[in-house]
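Enquirer: What follows is upload-v5.cif, mmCIF, C-alpha atoms and all ligand atoms.
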data_coords
#
loop_
_atom_site.label_atom_id
_atom_site.label_comp_id
_atom_site.auth_asym_id
_atom_site.auth_seq_id
_atom_site.Cartn_x
_atom_site.Cartn_y
_atom_site.Cartn_z
CA MET A 1 47.35 45.94 94.50
CA ASN A 2 46.55 47.71 97.75
CA ILE A 3 42.83 47.48 98.36
CA GLY A 4 42.94 49.52 101.55
CA PHE A 5 42.25 53.19 102.08
CA PRO A 6 45.18 54.29 99.83
CA GLN A 7 43.25 52.82 96.89
CA LEU A 8 40.10 54.79 97.75
CA GLU A 9 42.21 57.87 98.25
CA SER A 10 43.97 57.59 94.89
CA LEU A 11 40.95 56.53 92.81
CA VAL A 12 38.35 58.81 94.35
CA VAL A 13 39.44 61.43 96.85
CA ARG A 14 42.58 62.72 95.08
CA ARG A 15 40.81 62.72 91.69
CA GLY A 16 38.10 65.09 92.89
CA LEU A 17 35.38 62.43 92.76
CA CYS A 18 34.46 62.25 96.45
CA THR A 19 30.89 63.39 97.06
CA GLY A 20 31.48 63.76 100.81
CA CYS A 21 28.77 61.20 101.55
CA GLY A 22 30.63 59.80 104.58
CA SER A 23 29.94 56.14 103.78
CA CYS A 24 33.57 54.99 103.96
CA VAL A 25 33.86 56.47 107.46
CA GLY A 26 30.46 55.08 108.43
CA ILE A 27 31.11 51.46 107.44
CA CYS A 28 34.83 50.92 108.14
CA PRO A 29 34.95 47.84 110.40
CA SER A 30 38.29 48.97 111.84
CA ALA A 31 37.03 52.48 112.61
CA ALA A 32 40.17 53.62 110.81
CA LEU A 33 38.65 56.62 109.04
CA SER A 34 37.34 59.98 110.08
CA MET A 35 36.08 63.07 108.30
CA SER A 36 38.44 66.00 108.37
CA ARG A 37 37.90 69.38 106.73
CA VAL A 38 40.21 70.36 103.90
CA TYR A 39 39.59 73.86 102.49
CA GLY A 40 36.45 73.74 104.65
CA GLU A 41 35.09 70.62 102.91
CA PRO A 42 34.53 67.25 104.60
CA MET A 43 37.10 64.74 103.35
CA PRO A 44 37.83 61.20 104.58
CA VAL A 45 41.27 60.61 106.10
CA CYS A 46 42.88 57.54 107.67
CA THR A 47 43.49 58.22 111.34
CA GLY A 48 43.63 54.61 112.56
CA VAL A 49 44.86 51.27 111.34
CA CYS A 50 43.45 50.13 107.98
CA SER A 51 43.11 46.34 107.66
CA SER A 52 42.86 46.56 103.84
CA CYS A 53 39.47 44.83 103.81
CA GLY A 54 38.49 46.83 100.70
CA LEU A 55 34.93 47.57 101.84
CA CYS A 56 35.25 51.33 101.54
CA SER A 57 36.29 51.17 97.87
CA ARG A 58 33.52 48.68 97.11
CA ILE A 59 30.63 50.79 98.40
CA CYS A 60 31.96 54.26 97.53
CA PRO A 61 29.66 56.13 95.10
CA GLY A 62 32.35 58.67 94.18
CA ASN A 63 33.72 57.00 91.04
CA ASP A 64 31.36 54.11 90.35
CA VAL A 65 27.56 53.86 90.41
CA PRO A 66 26.06 51.01 88.37
CA LEU A 67 22.76 52.85 88.36
CA LEU A 68 20.63 50.46 86.29
CA GLU A 69 21.98 47.37 88.05
CA LEU A 70 21.21 48.90 91.44
CA GLU A 71 17.80 49.98 90.19
CA ARG A 72 16.94 46.43 89.14
CA HIS A 73 18.06 45.15 92.52
CA CYS A 74 15.98 47.73 94.44
CA PHE A 75 12.79 47.74 92.41
CA GLY A 76 12.86 44.45 90.47
CA ARG A 77 12.82 46.25 87.12
CA ASN A 78 14.36 49.09 85.15
CA ARG A 79 12.86 52.43 84.18
CA LYS A 80 11.01 52.80 80.92
CA PRO A 81 13.13 54.72 78.41
CA ALA A 82 11.84 58.31 78.21
CA LEU A 83 13.18 61.80 77.67
CA ALA A 84 11.53 62.85 80.91
CA ASP A 85 13.77 60.49 82.85
CA LEU A 86 12.75 60.25 86.51
CA GLY A 87 13.75 56.65 87.19
CA VAL A 88 11.37 53.93 88.40
CA TYR A 89 8.31 55.09 90.37
CA ARG A 90 4.91 53.75 91.32
CA ASN A 91 3.12 57.02 92.12
CA SER A 92 3.79 60.73 92.01
CA TYR A 93 2.21 63.24 94.34
CA ASN A 94 2.32 66.81 95.47
CA GLY A 95 1.40 67.71 99.03
CA TYR A 96 2.25 68.96 102.48
CA ALA A 97 2.34 68.07 106.17
CA ARG A 98 -1.03 68.61 107.82
CA ASP A 99 0.68 69.74 111.04
CA ASP A 100 1.08 73.46 110.41
CA PHE A 101 4.19 73.76 112.59
CA ILE A 102 5.97 70.96 110.70
CA ARG A 103 4.84 72.34 107.34
CA LYS A 104 6.31 75.77 108.02
CA LYS A 105 9.46 74.33 109.63
CA GLY A 106 10.24 72.31 106.49
CA ALA A 107 11.84 73.75 103.35
CA SER A 108 8.81 73.16 101.16
CA GLY A 109 5.76 71.40 102.52
CA GLY A 110 7.36 69.55 105.44
CA VAL A 111 6.52 66.10 104.03
CA VAL A 112 9.91 64.51 104.82
CA THR A 113 9.71 65.58 108.46
CA ALA A 114 6.07 64.48 108.75
CA LEU A 115 6.78 61.06 107.19
CA LEU A 116 9.76 60.46 109.49
CA VAL A 117 7.86 61.44 112.63
CA HIS A 118 4.98 59.21 111.55
CA ALA A 119 7.29 56.26 110.78
CA LEU A 120 9.00 56.67 114.16
CA GLU A 121 5.79 56.97 116.17
CA THR A 122 4.21 53.95 114.47
CA GLY A 123 7.33 51.77 114.92
CA ILE A 124 8.15 51.45 111.21
CA ILE A 125 11.60 52.86 112.05
CA ASP A 126 13.43 53.29 115.35
CA CYS A 127 15.70 56.16 114.29
CA ALA A 128 16.54 58.38 111.33
CA ILE A 129 19.96 59.54 110.19
CA VAL A 130 19.53 63.11 109.03
CA ALA A 131 21.37 66.32 108.18
CA GLY A 132 21.58 68.90 110.93
CA PHE A 133 23.89 71.57 112.28
CA ASN A 134 26.72 71.32 114.83
CA THR A 135 25.54 72.44 118.25
CA GLU A 136 28.70 74.35 119.23
CA LYS A 137 29.41 75.71 115.74
CA PRO A 138 25.91 76.22 114.31
CA TRP A 139 27.24 77.50 110.97
CA LEU A 140 28.64 74.03 110.19
CA THR A 141 26.47 71.13 109.01
CA GLU A 142 26.61 67.78 110.81
CA ALA A 143 25.05 64.32 110.43
CA LYS A 144 22.70 63.44 113.30
CA ILE A 145 20.97 60.35 114.61
CA ALA A 146 17.41 61.43 115.45
CA ALA A 147 15.35 59.11 117.63
CA SER A 148 12.60 61.45 118.84
CA ARG A 149 10.03 63.75 117.28
CA GLU A 150 11.96 66.79 118.54
CA GLU A 151 15.26 65.60 117.05
CA ILE A 152 13.63 64.94 113.68
CA VAL A 153 11.86 68.31 113.60
CA ASP A 154 15.08 70.05 114.64
CA ALA A 155 16.80 68.72 111.49
CA ALA A 156 14.08 69.96 109.09
CA GLN A 157 15.01 72.11 106.05
CA SER A 158 17.62 71.88 103.33
CA LYS A 159 21.33 72.37 103.99
CA TYR A 160 23.31 73.97 101.18
CA ALA A 161 26.68 72.62 102.30
CA VAL A 162 27.89 69.02 102.34
CA VAL A 163 26.67 66.77 105.14
CA PRO A 164 28.41 63.38 105.38
CA VAL A 165 25.17 61.77 106.56
CA ASN A 166 26.31 58.16 106.02
CA MET A 167 29.21 58.47 108.47
CA ARG A 168 26.72 57.83 111.28
CA ILE A 169 25.45 54.45 110.02
CA ARG A 170 27.65 52.15 112.12
CA GLU A 171 27.12 54.32 115.19
CA ALA A 172 23.33 53.95 114.82
CA VAL A 173 23.69 50.17 114.63
CA LYS A 174 26.04 50.18 117.64
CA ARG A 175 23.45 52.13 119.62
CA GLY A 176 21.09 49.21 119.04
CA TYR A 177 18.83 50.60 116.30
CA ARG A 178 17.51 47.92 113.95
CA ARG A 179 15.04 49.79 111.72
CA ILE A 180 17.00 52.73 110.47
CA ALA A 181 15.74 55.42 108.08
CA LEU A 182 18.26 57.53 106.19
CA VAL A 183 17.52 60.88 104.59
CA GLY A 184 20.07 61.93 102.04
CA LEU A 185 20.88 63.28 98.61
CA PRO A 186 21.10 60.94 95.62
CA CYS A 187 24.80 60.17 96.27
CA HIS A 188 24.06 59.14 99.88
CA ILE A 189 21.38 56.79 98.60
CA HIS A 190 23.71 55.39 95.88
CA ALA A 191 26.13 54.31 98.61
CA VAL A 192 23.37 52.69 100.70
CA ARG A 193 22.12 50.78 97.66
CA LYS A 194 25.66 49.59 96.86
CA MET A 195 25.92 48.28 100.44
CA GLN A 196 22.62 46.47 100.08
CA TYR A 197 23.39 45.14 96.60
CA TYR A 198 26.77 43.71 97.58
CA GLY A 199 25.51 42.79 101.06
CA ILE A 200 28.37 44.61 102.78
CA PRO A 201 28.81 45.20 105.62
CA ARG A 202 25.93 42.77 106.26
CA ASP A 203 25.46 43.78 109.91
CA ILE A 204 24.73 47.32 108.70
CA SER A 205 23.16 47.09 105.27
CA VAL A 206 20.17 44.98 106.36
CA LYS A 207 19.23 47.45 109.07
CA ILE A 208 18.57 50.36 106.74
CA LYS A 209 14.85 49.88 106.17
CA LEU A 210 13.83 53.16 104.62
CA THR A 211 15.61 55.68 102.40
CA ILE A 212 14.16 59.10 101.72
CA GLY A 213 16.09 60.83 98.97
CA LEU A 214 15.94 64.56 98.34
CA PHE A 215 15.92 66.10 94.88
CA CYS A 216 19.40 67.54 94.38
CA ALA A 217 20.40 70.05 91.71
CA SER A 218 23.83 70.50 93.27
CA GLN A 219 25.64 70.83 96.56
CA PHE A 220 27.85 73.85 97.32
CA TYR A 221 31.26 74.48 98.82
CA PHE A 222 31.05 75.92 102.34
CA GLU A 223 33.26 78.71 101.01
CA GLY A 224 30.11 80.04 99.29
CA THR A 225 28.31 80.26 102.64
CA ARG A 226 31.36 81.96 104.16
CA HIS A 227 31.34 84.55 101.38
CA ILE A 228 27.63 85.30 101.94
CA LEU A 229 28.26 85.63 105.67
CA VAL A 230 31.25 87.96 105.33
CA GLU A 231 30.49 89.91 102.15
CA TRP A 232 26.71 90.30 102.36
CA CYS A 233 25.93 89.87 106.07
CA GLY A 234 28.98 91.68 107.46
CA ILE A 235 29.90 88.79 109.77
CA ASP A 236 33.59 87.96 109.79
CA LYS A 237 33.72 86.09 113.09
CA MET A 238 31.72 82.86 112.80
CA GLU A 239 31.48 82.75 116.61
CA GLU A 240 28.92 85.59 116.37
CA ILE A 241 26.44 83.15 114.81
CA ALA A 242 23.80 81.54 117.05
CA ARG A 243 21.77 79.89 114.28
CA LEU A 244 21.87 79.61 110.49
CA GLU A 245 19.09 78.53 108.13
CA TYR A 246 19.31 78.13 104.36
CA ARG A 247 15.52 78.03 103.92
CA GLY A 248 14.37 80.13 106.89
CA GLY A 249 11.14 82.14 107.10
CA ASP A 250 8.21 81.81 104.70
CA TRP A 251 8.45 79.75 101.51
CA PRO A 252 10.58 79.71 99.43
CA GLY A 253 12.83 80.24 102.44
CA HIS A 254 15.77 82.61 102.73
CA PHE A 255 19.30 82.68 104.16
CA VAL A 256 18.59 83.64 107.76
CA VAL A 257 21.33 84.21 110.35
CA GLN A 258 20.56 84.84 114.00
CA LEU A 259 23.42 86.48 115.85
CA ARG A 260 24.34 86.00 119.50
CA ASN A 261 23.63 89.70 120.10
CA GLY A 262 19.96 89.14 119.17
CA GLU A 263 20.09 90.60 115.63
CA THR A 264 18.83 88.70 112.59
CA VAL A 265 20.24 89.09 109.08
CA THR A 266 18.28 87.80 106.05
CA VAL A 267 19.43 87.43 102.44
CA ASP A 268 16.78 86.82 99.80
CA ARG A 269 16.80 83.27 98.40
CA HIS A 270 16.92 84.30 94.79
CA ARG A 271 19.94 86.53 95.43
CA TYR A 272 22.03 84.11 97.46
CA VAL A 273 21.29 81.01 95.39
CA TYR A 274 21.39 82.48 91.88
CA HIS A 275 23.99 85.19 92.43
CA MET A 276 26.38 83.42 94.78
CA LEU A 277 26.11 79.67 95.40
CA MET A 278 24.91 78.42 92.03
CA PRO A 279 27.23 80.38 89.69
CA HIS A 280 30.33 80.47 91.91
CA TYR A 281 30.41 77.67 94.48
CA LYS A 282 28.91 74.50 92.97
CA ARG A 283 30.98 71.52 94.01
CA ASP A 284 33.00 70.19 91.11
CA ARG A 285 31.88 66.59 91.70
CA CYS A 286 28.26 67.76 91.45
CA GLU A 287 28.87 69.13 87.94
CA MET A 288 29.11 65.49 86.81
CA CYS A 289 26.21 64.03 88.77
CA ILE A 290 23.27 62.84 86.67
CA ASP A 291 20.79 61.94 89.41
CA TRP A 292 18.41 64.76 90.30
CA SER A 293 15.32 62.99 91.62
CA SER A 294 17.02 60.48 93.96
CA GLU A 295 16.42 57.66 91.55
CA LEU A 296 17.25 54.86 93.98
CA ALA A 297 15.39 56.06 97.09
CA ASP A 298 12.27 54.38 98.46
CA ILE A 299 10.65 57.83 98.44
CA ALA A 300 12.08 60.82 96.59
CA VAL A 301 10.97 64.25 97.78
CA GLY A 302 11.69 67.82 96.79
CA ASP A 303 10.70 71.22 95.59
CA TYR A 304 10.49 71.37 91.84
CA TRP A 305 10.47 75.15 91.50
CA ALA A 306 8.02 75.35 88.64
CA PRO A 307 7.58 79.06 87.81
CA GLN A 308 3.82 78.99 88.33
CA ARG A 309 4.24 77.80 91.88
CA THR A 310 5.09 81.21 93.31
CA GLY A 311 2.60 83.72 94.70
CA PRO A 312 1.62 85.56 97.87
CA ASP A 313 0.91 83.62 101.09
CA TYR A 314 1.98 80.42 99.41
CA TYR A 315 3.58 78.00 101.85
CA GLY A 316 5.13 75.65 99.35
CA THR A 317 4.54 71.98 98.80
CA SER A 318 6.65 68.86 98.45
CA ALA A 319 6.65 66.75 95.30
CA LEU A 320 7.00 62.99 95.86
CA LEU A 321 7.97 60.05 93.71
CA VAL A 322 7.16 56.83 95.54
CA ARG A 323 9.41 54.13 94.13
CA SER A 324 9.29 50.99 96.30
CA SER A 325 6.85 48.94 98.37
CA ALA A 326 8.63 50.10 101.57
CA GLY A 327 8.06 53.69 100.50
CA GLU A 328 4.48 53.04 99.51
CA GLU A 329 3.70 51.51 102.90
CA VAL A 330 4.89 54.59 104.80
CA VAL A 331 3.16 57.06 102.48
CA LYS A 332 -0.14 55.15 102.45
CA SER A 333 -0.22 54.92 106.22
CA ALA A 334 0.65 58.65 106.59
CA VAL A 335 -2.21 59.60 104.25
CA GLU A 336 -4.69 57.34 106.03
CA GLU A 337 -3.70 58.76 109.42
CA LYS A 338 -4.09 62.29 107.98
CA VAL A 339 -0.44 63.09 108.66
CA VAL A 340 0.11 64.41 105.14
CA TYR A 341 -2.17 65.76 102.43
CA LEU A 342 -1.28 64.47 98.96
CA GLU A 343 -2.80 64.90 95.53
CA ASP A 344 -1.77 63.22 92.30
CA LEU A 345 0.91 65.03 90.34
CA ASP A 346 1.58 64.68 86.63
CA PRO A 347 5.23 63.52 86.81
CA ASP A 348 6.08 65.35 83.58
CA LYS A 349 5.65 68.61 85.50
CA LEU A 350 8.78 67.76 87.47
CA CYS A 351 10.76 68.20 84.28
CA SER A 352 10.07 71.95 84.38
CA SER A 353 12.42 72.12 87.36
CA VAL A 354 15.76 73.86 87.02
CA GLY A 355 17.24 70.83 88.80
CA PHE A 356 16.00 68.42 86.13
CA GLU A 357 17.62 70.49 83.38
CA MET A 358 20.83 70.89 85.36
CA LYS A 359 21.26 67.17 86.00
CA LYS A 360 19.62 65.22 83.22
CA HIS A 361 20.82 67.53 80.48
CA GLY A 362 23.59 69.88 81.69
CA ALA A 363 25.51 67.38 83.82
CA ALA A 364 24.96 64.55 81.35
CA TYR A 365 26.41 66.69 78.54
CA ARG A 366 29.28 67.87 80.75
CA LEU A 367 30.08 64.28 81.67
CA ALA A 368 30.40 63.39 77.99
CA GLN A 369 32.66 66.41 77.43
CA ARG A 370 34.96 65.44 80.27
CA GLN A 371 35.09 61.81 79.16
CA GLN A 372 36.13 62.92 75.69
CA PHE A 373 39.23 64.57 77.21
CA GLY A 374 40.01 61.69 79.55
CA TRP A 375 39.37 63.74 82.69
CA PRO A 376 38.39 61.90 85.89
CA THR A 377 34.64 61.23 85.86
CA PRO A 378 32.26 59.02 87.80
CA ASN A 379 30.99 56.00 85.89
CA TYR A 380 27.19 55.61 86.07
CA HIS A 381 27.24 52.74 83.56
CA MET A 382 24.53 54.38 81.47
CA GLN A 383 24.13 56.98 78.76
CA VAL A 384 21.77 59.83 79.53
CA ASP A 385 19.85 61.31 76.63
CA TYR A 386 20.29 65.08 76.96
CA THR A 387 18.33 65.86 73.77
CA PRO A 388 16.30 69.06 74.30
CA PHE A 389 12.53 68.62 74.45
CA PHE A 390 9.66 71.08 74.77
CA ARG A 391 8.15 71.60 78.20
CA ASP A 392 5.03 73.59 78.94
CA PHE A 393 6.08 76.12 81.57
CA HIS A 394 2.62 77.70 81.63
CA MET A 395 0.58 74.85 83.04
CA ALA A 396 -1.89 76.06 85.62
CA PRO A 397 -1.10 74.99 89.18
CA GLU A 398 -3.38 72.40 90.67
CA LYS A 399 -4.40 73.49 94.14
CA LYS A 400 -7.29 71.78 95.77
CA GLU A 401 -8.03 70.89 99.38
CA SER A 402 -9.82 67.69 100.41
S1 LIG B 501 36.99 49.92 105.15
FE1 LIG B 501 38.66 48.42 105.15
S2 LIG B 501 40.01 49.13 103.51
FE2 LIG B 501 38.67 50.84 104.02
S3 LIG B 501 39.81 52.02 105.55
FE3 LIG B 501 38.50 50.58 106.67
S4 LIG B 501 39.79 48.83 107.02
FE4 LIG B 501 40.78 50.02 105.42
S1 LIG B 502 32.50 56.79 100.38
FE1 LIG B 502 31.71 58.86 100.15
S2 LIG B 502 33.01 60.10 101.54
FE2 LIG B 502 34.07 58.15 101.21
S3 LIG B 502 35.44 58.57 99.48
FE3 LIG B 502 33.58 57.70 98.65
S4 LIG B 502 32.35 59.49 98.09
FE4 LIG B 502 33.94 60.18 99.50
S1 LIG B 503 24.77 66.80 92.96
FE1 LIG B 503 25.05 64.58 93.12
S2 LIG B 503 27.08 64.34 93.99
FE2 LIG B 503 26.44 66.44 94.38
S3 LIG B 503 25.50 66.40 96.40
FE3 LIG B 503 23.85 66.16 94.89
S4 LIG B 503 23.62 63.97 94.68
FE4 LIG B 503 25.59 64.29 95.67
#
Translate this file's structure into structure tokens.
Expert:
Amino acid sequence: MNIGFPQLESLVVRRGLCTGCGSCVGICPSAALSMSRVYGEPMPVCTGVCSSCGLCSRICPGNDVPLLELERHCFGRNRKPALADLGVYRNSYNGYARDDFIRKKGASGGVVTALLVHALETGIIDCAIVAGFNTEKPWLTEAKIAASREEIVDAAQSKYAVVPVNMRIREAVKRGYRRIALVGLPCHIHAVRKMQYYGIPRDISVKIKLTIGLFCASQFYFEGTRHILVEWCGIDKMEEIARLEYRGGDWPGHFVVQLRNGETVTVDRHRYVYHMLMPHYKRDRCEMCIDWSSELADIAVGDYWAPQRTGPDYYGTSALLVRSSAGEEVVKSAVEEKVVYLEDLDPDKLCSSVGFEMKKHGAAYRLAQRQQFGWPTPNYHMQVDYTPFFRDFHMAPEKKES
């Protein structure tokens, strides 16, 4: 049996199971792979000579994620069974970056950016692999290696199109970085944990010291962005775009396009997410993904969109689940140094999020449906209980300043 790239291609890519994480490209010891764009979506292709080492198939999270096995390896134990399934965590918080510039630059509270800058400036990490935009074509997302405060801040905010973040891992190691942080969606973190679990490639996997995972309800085809740009913003030549933000302006952040002629076009978040991306352009692989809260990350961060969290002059906050000792060390130090403000958060509140329902119930049910018909599905090696349960959507927000 061929264990080279053709195997990965036939088992994952051609069956619609590729998440676009970029790991195969990022770890290939022969540098045989690159990311091309097919129908506008990043897709791995073989452009060099594959030595059939089999590493790419082994670490790929597209078709196989032994979630509980990886969890035990990362955290030394498994989650407690519960309907409100958020994985293993030590603490849960809600908070924001104390630096006002970073807080407003972030999608919701700026905590990821603040933690990364803090970790870099205190020597906990020496670089961070993050999601940014292409400099020449600023409407296209791109993975970046950020090794300065400016580069980290520049990559702040969510991107609602695939970013193959992990494709930069080997490059970061080649540049001499030894304490690498990686910020990604749950599927990016699954791949990193598979590398660490299997110890492959060893020269890379041991150098990833910190993973910050973002809550992820779904990722979207770039075609959705293109439709917003053309149909709602009146832009049919992408070259007119100087800058694009998916969470620009005040919280909750809107679709903001700056044109080269100086004009700015804004589309309200509710309209573009709930009337374009979410109903029409969700990636098919994401429909089967059961991890919302980045269950394998050292620190999981996100907006949980509880209805009571809206209101005038509200900047937004980040919710955090701190899962590992590595994550705890960074968070503790950032609180002590007054880099971030955090208050305890009742973790059950996270279950009021639309993302929780979409993943832990909707996707889990959809996965079972597809399996029943023998359609290609990822194997997470676990059953998810999608039984409905009552959630109190009317809990009063807790807002207090120290
Ligand atoms: S990782 Fe190994 S099997 Fe995969 S493309 Fe590279 S050389 Fe081929
Ligand atoms: S490693 Fe990631 S990018 Fe490569 S095939 Fe698997 S899911 Fe796709
Ligand atoms: S929904 Fe899952 S597969 Fe899709 S981008 Fe998010 S974490 Fe990756």
Enquirer: Please build the interface table for region 293-359 of chain A against region 76-88 of chain A with a cut-off of 7 Å, listing for each qualifying residue the nearest atom pair and the distance in Å to one decimal; count all atoms listed in the file, order rows by chain and increasing number, and write it as a Markdown table.
Expert:
| residue | atom | partner | partner_atom | distance |
| --- | --- | --- | --- | --- |
| A:Ser293 | CA | A:Leu86 | CA | 6.3 |
| A:Glu295 | CA | A:Gly87 | CA | 5.2 |
| A:Arg323 | CA | A:Val88 | CA | 6.1 |
| A:Asp348 | CA | A:Ala84 | CA | 6.6 |
| A:Cys351 | CA | A:Ala84 | CA | 6.4 |
Enquirer: Neighbours of region 125-140 of chain A within 6 Å (only C-alpha atoms; same-chain residues fewer than 5 positions away dropped), as an MDAnalysis selection string?
Expert: chainID A and resid 119:120 145:147 155 179:183 243:244
Enquirer: Using only C-alpha atoms and all ligand atoms, I'd like a table of the residues in chain A that come within 8 Å of ligand LIG 503 (chain B); for each, show the closest atom pair and its distance in Å rounded to one decimal, ordered by chain and ascending number, as a Markdown table.
Expert:
| residue | atom | partner | partner_atom | distance |
| --- | --- | --- | --- | --- |
| A:Thr19 | CA | B:LIG503 | S2 | 5.0 |
| A:Gly20 | CA | B:LIG503 | FE4 | 7.8 |
| A:Cys21 | CA | B:LIG503 | FE4 | 7.4 |
| A:Gly62 | CA | B:LIG503 | S2 | 7.7 |
| A:Val162 | CA | B:LIG503 | S3 | 6.9 |
| A:Leu185 | CA | B:LIG503 | S4 | 4.8 |
| A:Pro186 | CA | B:LIG503 | S4 | 4.1 |
| A:Cys187 | CA | B:LIG503 | FE4 | 4.2 |
| A:His188 | CA | B:LIG503 | FE4 | 6.8 |
| A:Phe215 | CA | B:LIG503 | FE3 | 7.9 |
| A:Cys216 | CA | B:LIG503 | FE3 | 4.7 |
| A:Ala217 | CA | B:LIG503 | S1 | 5.6 |
| A:Ser218 | CA | B:LIG503 | S1 | 3.8 |
| A:Gln219 | CA | B:LIG503 | S3 | 4.4 |
| A:Phe220 | CA | B:LIG503 | S3 | 7.9 |
| A:Arg283 | CA | B:LIG503 | FE2 | 6.8 |
| A:Arg285 | CA | B:LIG503 | S2 | 5.8 |
| A:Cys286 | CA | B:LIG503 | FE2 | 3.7 |
| A:Glu287 | CA | B:LIG503 | S1 | 6.9 |
| A:Met288 | CA | B:LIG503 | S2 | 7.5 |
| A:Cys289 | CA | B:LIG503 | FE1 | 4.5 |
| A:Ile290 | CA | B:LIG503 | FE1 | 6.9 |
| A:Asp291 | CA | B:LIG503 | FE1 | 6.2 |
| A:Trp292 | CA | B:LIG503 | S4 | 6.9 |
| A:Ser294 | CA | B:LIG503 | S4 | 7.5 |
| A:Lys359 | CA | B:LIG503 | S1 | 7.8 |
Enquirer: How close does chain A get to ligand LIG 501 (chain B)? List, as a tab-separated table, each residue of chain A within 9 Å, its nearest atom pair and the distance in Å to one decimal, counting all atoms listed in the file.
Expert:
residue	atom	partner	partner_atom	distance
A:Asn2	CA	B:LIG501	S2	8.8
A:Ile3	CA	B:LIG501	S2	6.1
A:Gly4	CA	B:LIG501	S2	3.5
A:Phe5	CA	B:LIG501	S3	4.4
A:Pro6	CA	B:LIG501	S3	8.2
A:Gln7	CA	B:LIG501	S2	8.2
A:Leu8	CA	B:LIG501	FE2	7.5
A:Cys24	CA	B:LIG501	S1	6.2
A:Val25	CA	B:LIG501	FE3	7.5
A:Gly26	CA	B:LIG501	S1	8.9
A:Ile27	CA	B:LIG501	S1	6.5
A:Cys28	CA	B:LIG501	S1	3.8
A:Pro29	CA	B:LIG501	FE3	5.8
A:Ser30	CA	B:LIG501	S4	5.0
A:Ala31	CA	B:LIG501	FE3	6.4
A:Ala32	CA	B:LIG501	FE3	5.4
A:Leu33	CA	B:LIG501	S3	5.9
A:Val45	CA	B:LIG501	S3	8.7
A:Cys46	CA	B:LIG501	S3	6.7
A:Gly48	CA	B:LIG501	S3	8.4
A:Val49	CA	B:LIG501	S4	7.1
A:Cys50	CA	B:LIG501	FE4	3.7
A:Ser51	CA	B:LIG501	S4	4.2
A:Ser52	CA	B:LIG501	S2	3.9
A:Cys53	CA	B:LIG501	FE1	3.9
A:Gly54	CA	B:LIG501	S2	3.9
A:Leu55	CA	B:LIG501	S1	4.6
A:Cys56	CA	B:LIG501	S1	4.2
A:Ser57	CA	B:LIG501	FE2	6.6
A:Arg58	CA	B:LIG501	S1	8.8
Enquirer: Report the distance between CA of Lys338 (chain A) and CA of Asp100 (chain A) in Å, rounded to one decimal place.
Expert: 12.5 Å
Enquirer: Using all atoms listed in the file, pick whichever of A:Thr264, A:Ser10, A:Thr377, A:Ser23 has the shortest atom-to-atom distance to Lys194 (chain A).
Expert: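 Comparing A:Thr264, A:Ser10, A:Thr377, A:Ser23 against Lys194 (chain A), the winner is A:Ser23.
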Enquirer: Just checking: using all atoms listed in the file, which residue out of A:Ile124, A:Met276, A:Ala107, A:Ala191 ends up closest to ligand LIG 502 (chain B)?
Expert: A:Ala191
Enquirer: For Met35 (chain A), which of A:Cys74, A:Leu229, A:Ile235, A:Cys18 is the closest residue, counting all atoms listed in the file?
Expert: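 Nearest to Met35 (chain A): A:Cys18.
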Enquirer: Please, what distance in Å, to one decimal, runs between CA of Val117 (chain A) and CA of Arg149 (chain A)?
Expert: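 Taking CA of Val117 (chain A) and CA of Arg149 (chain A), their separation equals 5.6 Å.
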Enquirer: So what do you get for CA of Tyr341 (chain A) versus CA of Tyr93 (chain A), distance-wise?
Expert: 9.5 Å
Enquirer: Which residues are close to Tyr365 (chain A), i.e. within 9 Å by only C-alpha atoms, leaving aside same-chain residues fewer than 2 positions away? Reply as JSON, numbers by chain.
Expert: {"A": [288, 360, 361, 362, 363, 367, 368, 369, 370, 384, 385, 386]}
Enquirer: Those residues you just picked out, can you put them in a file as a PDB file, in the coordinates of the input with C-alpha atoms?
Expert:
ATOM      1  CA  MET A 288      29.110  65.490  86.810  1.00  0.00           C
ATOM      2  CA  LYS A 360      19.620  65.220  83.220  1.00  0.00           C
ATOM      3  CA  HIS A 361      20.820  67.530  80.480  1.00  0.00           C
ATOM      4  CA  GLY A 362      23.590  69.880  81.690  1.00  0.00           C
ATOM      5  CA  ALA A 363      25.510  67.380  83.820  1.00  0.00           C
ATOM      6  CA  LEU A 367      30.080  64.280  81.670  1.00  0.00           C
ATOM      7  CA  ALA A 368      30.400  63.390  77.990  1.00  0.00           C
ATOM      8  CA  GLN A 369      32.660  66.410  77.430  1.00  0.00           C
ATOM      9  CA  ARG A 370      34.960  65.440  80.270  1.00  0.00           C
ATOM     10  CA  VAL A 384      21.770  59.830  79.530  1.00  0.00           C
ATOM     11  CA  ASP A 385      19.850  61.310  76.630  1.00  0.00           C
ATOM     12  CA  TYR A 386      20.290  65.080  76.960  1.00  0.00           C
TER      13      TYR A 386
END
Enquirer: Find the residue from A:Pro388, A:Pro66, A:Gly248, A:Pro378 that sits nearest to ligand LIG 502 (chain B); use all atoms listed in the file when measuring.
Expert: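 Under the stated criterion, the closest residue is A:Pro378.
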Enquirer: Given all atoms listed in the file as the basis, pick out the residue of A:Ile200, A:Met382, A:Met278, A:Ile299 nearest to Asp64 (chain A).
Expert: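 Of A:Ile200, A:Met382, A:Met278, A:Ile299, the one nearest Asp64 (chain A), counting all atoms listed in the file, is A:Met382.
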Enquirer: Here is a test: counting only C-alpha atoms, which residue of A:Lys332, A:Asn63, A:His280, A:Val38 is nearest to His118 (chain A)?
Expert: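 Once distances to His118 (chain A) are computed over only C-alpha atoms, the minimum belongs to A:Lys332.
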